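Engineer: What follows is entry.txt; its format and atoms are compact mmCIF, C-alpha atoms.
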```txt
# COMPACT_ATOMS: atom_id res chain seq x y z
CA MET A 9 -31.94 17.53 0.58
CA HIS A 10 -28.44 16.12 0.81
CA ALA A 11 -25.86 16.76 -1.90
CA SER A 12 -24.70 14.07 -4.30
CA THR A 13 -23.13 10.97 -2.79
CA ALA A 14 -20.87 10.40 -5.81
CA PRO A 15 -17.80 11.89 -4.05
CA LEU A 16 -18.49 9.64 -1.04
CA LYS A 17 -18.72 6.57 -3.26
CA LEU A 18 -15.45 7.51 -4.97
CA ALA A 19 -13.65 8.13 -1.65
CA ALA A 20 -15.02 4.90 -0.16
CA ALA A 21 -14.01 2.85 -3.21
CA ALA A 22 -10.52 4.36 -3.14
CA CYS A 23 -10.28 3.63 0.58
CA VAL A 24 -11.27 -0.03 0.15
CA LEU A 25 -8.90 -0.57 -2.77
CA LEU A 26 -5.96 1.18 -1.10
CA PHE A 27 -6.53 -0.54 2.23
CA GLY A 28 -6.74 -3.94 0.58
CA GLY A 29 -3.72 -3.33 -1.63
CA LEU A 30 -1.59 -2.04 1.23
CA GLY A 31 -2.72 -4.93 3.40
CA ILE A 32 -1.49 -7.39 0.80
CA TYR A 33 1.74 -5.45 0.22
CA LEU A 34 2.55 -5.21 3.93
CA ALA A 35 1.40 -8.72 4.89
CA PRO A 36 4.94 -10.18 4.79
CA LEU A 37 6.06 -7.86 7.61
CA GLN A 38 6.24 -9.72 10.91
CA PRO A 39 5.51 -8.32 13.40
CA SER A 40 2.73 -6.43 11.66
CA VAL A 41 2.72 -2.74 10.84
CA VAL A 42 0.27 -2.25 13.70
CA ALA A 43 2.98 -3.45 16.10
CA LEU A 44 5.23 -0.64 14.87
CA GLN A 45 2.42 1.88 15.22
CA PHE A 46 2.11 1.10 18.92
CA THR A 47 5.76 1.55 19.78
CA PHE A 48 6.40 4.47 22.08
CA THR A 49 10.13 4.14 22.75
CA PRO A 50 13.27 4.00 20.61
CA GLU A 51 13.97 0.48 21.88
CA ALA A 52 10.55 -0.91 20.93
CA PHE A 53 10.72 0.79 17.53
CA ALA A 54 14.20 -0.64 16.89
CA GLN A 55 13.02 -4.14 17.86
CA VAL A 56 10.34 -4.08 15.17
CA LEU A 57 12.73 -2.73 12.55
CA GLN A 58 15.33 -5.33 13.47
CA ALA A 59 12.74 -8.11 13.09
CA TRP A 60 11.81 -6.77 9.65
CA GLY A 61 15.37 -6.47 8.43
CA PRO A 62 16.51 -4.04 5.71
CA GLU A 63 14.06 -5.39 3.11
CA GLY A 64 11.12 -5.04 5.48
CA VAL A 65 12.11 -1.53 6.46
CA GLN A 66 12.34 -0.59 2.79
CA ARG A 67 8.93 -2.17 2.16
CA PHE A 68 7.48 -0.09 4.97
CA ARG A 69 9.08 3.14 3.73
CA THR A 70 7.87 2.43 0.20
CA HIS A 71 4.27 2.12 1.36
CA LEU A 72 4.16 5.51 3.08
CA PRO A 73 3.35 7.67 0.02
CA VAL A 74 0.50 5.32 -0.92
CA ASP A 75 -0.68 5.41 2.69
CA GLY A 76 -1.01 9.16 2.21
CA PHE A 77 -3.69 8.53 -0.40
CA LEU A 78 -5.37 6.05 1.95
CA LEU A 79 -5.58 8.56 4.77
CA LEU A 80 -6.96 11.19 2.40
CA SER A 81 -9.60 8.74 1.17
CA TYR A 82 -10.78 7.58 4.59
CA GLY A 83 -10.77 11.11 5.94
CA ALA A 84 -12.90 12.28 3.02
CA ALA A 85 -15.17 9.23 3.16
CA GLY A 86 -15.84 9.76 6.86
CA TYR A 87 -16.64 13.43 6.42
CA LEU A 88 -18.84 12.84 3.40
CA ALA A 89 -20.69 9.93 5.01
CA VAL A 90 -21.83 12.26 7.76
CA ALA A 91 -22.26 15.43 5.70
CA ARG A 92 -23.93 14.00 2.58
CA THR A 93 -26.07 11.14 3.85
CA ARG A 94 -28.73 10.68 6.50
CA PHE A 95 -27.13 7.53 7.87
CA PHE A 96 -25.96 9.19 11.11
CA GLU A 97 -29.13 11.23 11.73
CA PRO A 98 -30.35 8.84 14.46
CA LEU A 99 -27.42 10.12 16.54
CA ALA A 100 -28.22 13.81 16.07
CA THR A 101 -30.08 14.00 19.40
CA TRP A 102 -27.04 12.58 21.24
CA LEU A 103 -24.16 14.47 19.66
CA PRO A 104 -23.53 17.25 17.17
CA LEU A 105 -23.04 15.57 13.79
CA ARG A 106 -20.49 18.20 12.76
CA TRP A 107 -18.17 16.73 15.41
CA LEU A 108 -18.71 13.24 14.06
CA ALA A 109 -18.04 14.54 10.53
CA LEU A 110 -14.61 15.72 11.67
CA LEU A 111 -13.65 12.47 13.40
CA LEU A 112 -12.08 10.61 10.46
CA PRO A 113 -10.46 13.73 8.97
CA LEU A 114 -8.81 14.31 12.37
CA ALA A 115 -7.77 10.65 12.49
CA ALA A 116 -6.23 11.14 9.05
CA VAL A 117 -4.26 14.16 10.32
CA CYS A 118 -2.93 12.00 13.16
CA ASP A 119 -2.09 9.28 10.62
CA ALA A 120 -0.16 11.80 8.52
CA GLY A 121 1.77 12.95 11.59
CA GLU A 122 2.55 9.36 12.49
CA ASN A 123 3.75 8.65 8.94
CA LEU A 124 6.00 11.70 8.88
CA LEU A 125 7.48 10.81 12.25
CA HIS A 126 8.07 7.19 11.23
CA TRP A 127 9.70 8.33 8.00
CA GLY A 128 12.03 10.62 9.91
CA LEU A 129 12.77 8.10 12.64
CA MET A 130 13.87 5.58 10.04
CA GLY A 131 16.37 8.06 8.62
CA SER A 132 20.07 7.71 9.27
CA GLY A 133 20.44 10.62 11.70
CA ALA A 134 17.20 10.22 13.63
CA VAL A 135 18.58 8.20 16.55
CA VAL A 136 21.18 10.83 17.50
CA SER A 137 18.66 13.66 17.71
CA PRO A 138 18.15 15.03 21.23
CA TRP A 139 14.39 14.98 20.56
CA ALA A 140 14.33 11.37 19.36
CA ALA A 141 12.64 9.89 22.45
CA ALA A 142 9.89 12.51 22.25
CA CYS A 143 9.41 11.76 18.54
CA TYR A 144 8.95 8.03 19.19
CA LEU A 145 6.42 8.80 21.90
CA LEU A 146 4.62 11.30 19.68
CA ALA A 147 4.44 8.80 16.80
CA GLY A 148 2.86 6.23 19.11
CA LEU A 149 0.41 8.80 20.43
CA CYS A 150 -0.52 9.85 16.89
CA ALA A 151 -1.20 6.21 16.00
CA SER A 152 -3.25 5.76 19.16
CA ALA A 153 -5.34 8.84 18.41
CA LYS A 154 -5.85 7.68 14.82
CA TRP A 155 -7.07 4.24 15.87
CA ALA A 156 -9.26 5.72 18.61
CA GLY A 157 -10.92 8.01 16.05
CA VAL A 158 -11.47 5.14 13.63
CA LEU A 159 -12.95 2.92 16.33
CA VAL A 160 -15.25 5.64 17.66
CA PHE A 161 -16.46 6.31 14.12
CA ILE A 162 -17.16 2.60 13.57
CA MET A 163 -19.02 2.41 16.89
CA ALA A 164 -21.06 5.49 15.95
CA ALA A 165 -21.98 3.87 12.63
CA GLY A 166 -23.04 0.71 14.43
CA LEU A 167 -25.07 2.67 16.97
CA ALA A 168 -26.75 4.68 14.20
CA GLN A 169 -27.75 1.46 12.47
CA VAL A 170 -29.09 -0.07 15.71
CA ARG A 171 -31.14 3.06 16.44
CA ARG A 172 -32.47 3.02 12.89
CA LEU A 173 -33.52 -0.63 13.19
CA LEU A 174 -35.14 -0.05 16.59
CA ALA A 175 -37.09 2.92 15.21
CA GLN A 176 -38.32 0.82 12.28
CA SER A 177 -39.51 -2.02 14.50
CA ALA A 178 -41.36 0.30 16.90
```
Please lay out the structure from this file as structure tokens.

Structural biologist:
Amino acid sequence: MHASTAPLKLAAAACVLLFGGLGIYLAPLQPSVVALQFTFTPEAFAQVLQAWGPEGVQRFRTHLPVDGFLLLSYGAAGYLAVARTRFFEPLATWLPLRWLALLLPLAAVCDAGENLLHWGLMGSGAVVSPWAAACYLLAGLCASAKWAGVLVFIMAAGLAQVRRLLAQSA
């Protein structure tokens, strides 16, 4: 018997509300926040910040603490969806579910690293640091790992649903 799904429902609701709210708050930024996430060099990062201007940069910095709650909520929701429901059981013969349970929490850790790096790289002394180029690259790699984890989790959910439907029709 699986434990209560109330924590999952709470984490999922928080995730949806935070994601929607941040999406609305960050919508004025052009190029989008995702464009910044996939910058790997100081020059590309600076291009996005220049396009945003000082108000856009401040908007981005202001969202980061709230994004911390978002990453906690999606990390928890992903873990709980695997650990406290039977939704992913059709995949148990293909992969250990404990690995799948850790996928979104690990994506959230990468997201937190990306956020911390972006926060620091937007600071006044960040560009003169001898490690700056490595930090820009690392931030881009953290974002890439985060999005890869999210996409793999979504594909696993889709595959679990397909396997469930095929089993029901057989």

Engineer: Counting all atoms listed in the file, which of A:Ala168, A:Leu112, A:Leu124, A:Ala151 gets nearest to Tyr82 (chain A)?

Structural biologist: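 Under the stated criterion, the closest residue is A:Leu112.
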
Engineer: Please determine, counting all atoms listed in the file, which residue among A:Cys143, A:Leu105, A:Leu125, A:Val158 has the shortest atom-to-atom distance to Gly83 (chain A).

Structural biologist: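 Among A:Cys143, A:Leu105, A:Leu125, A:Val158, it is A:Val158 that comes nearest to Gly83 (chain A).
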
Engineer: Would you work out the distance separating CA of Leu145 (chain A) from CA of Phe53 (chain A), expressed in Å to one decimal?

Structural biologist: 10.1 Å

Engineer: Considering all atoms listed in the file, can you say which of A:Pro113, A:Leu174, A:Pro36, A:Asp119 comes closest to Ala84 (chain A)?

Structural biologist: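 Residue with the minimum atom-to-atom distance to Ala84 (chain A): A:Pro113.
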
Engineer: CA of Ile162 (chain A) and CA of Gln38 (chain A), how far apart in Å?

Structural biologist: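 Straight-line distance from CA of Gln38 (chain A) to CA of Ile162 (chain A) works out to 26.6 Å.
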
Engineer: What is the distance between CA of Phe68 (chain A) and CA of Tyr33 (chain A), in Å to one decimal?

Structural biologist: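 Interatomic distance, CA of Phe68 (chain A) to CA of Tyr33 (chain A): 9.2 Å.
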
Engineer: What would the list of residues within 12 Å of (13.3, -1.3, 17.1) (file frame) look like as a PyMOL selection string, if only C-alpha atoms are what count?

Structural biologist: chain A and resi 39+43-61+65+126+129-130+135+144

Engineer: Quick one: residues within 10 Å of Leu34 (chain A), all atoms listed in the file, excluding same-chain residues fewer than 5 positions away - as a list in words?

Structural biologist: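 What passes the distance filter is Gly28, Gly29, Ser40, Val41, Gly64, Arg67, Phe68 and His71 of chain A.
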
Engineer: Find the residue from A:Val24, A:Trp102, A:Arg92, A:Glu122 that sits nearest to Leu72 (chain A); use all atoms listed in the file when measuring.

Structural biologist: A:Glu122

Engineer: Using all atoms listed in the file, which residues sit within 9 Å of Tyr87 (chain A) once same-chain residues fewer than 6 positions away are excluded, as number ranges by chain?

Structural biologist: A: 16, 106, 108-113

Engineer: When you count only C-alpha atoms, which of these residues is closest to Leu18 (chain A): A:Leu173, A:Ala140, A:Ala85, A:Val42?

Structural biologist: A:Ala85

Engineer: Looking at all atoms listed in the file, which of A:Ala164, A:Cys23, A:Leu114, A:Leu30 is the one that sits closest to Leu78 (chain A)?

Structural biologist: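 Answer, going by the shortest atom-to-atom distance: A:Cys23.
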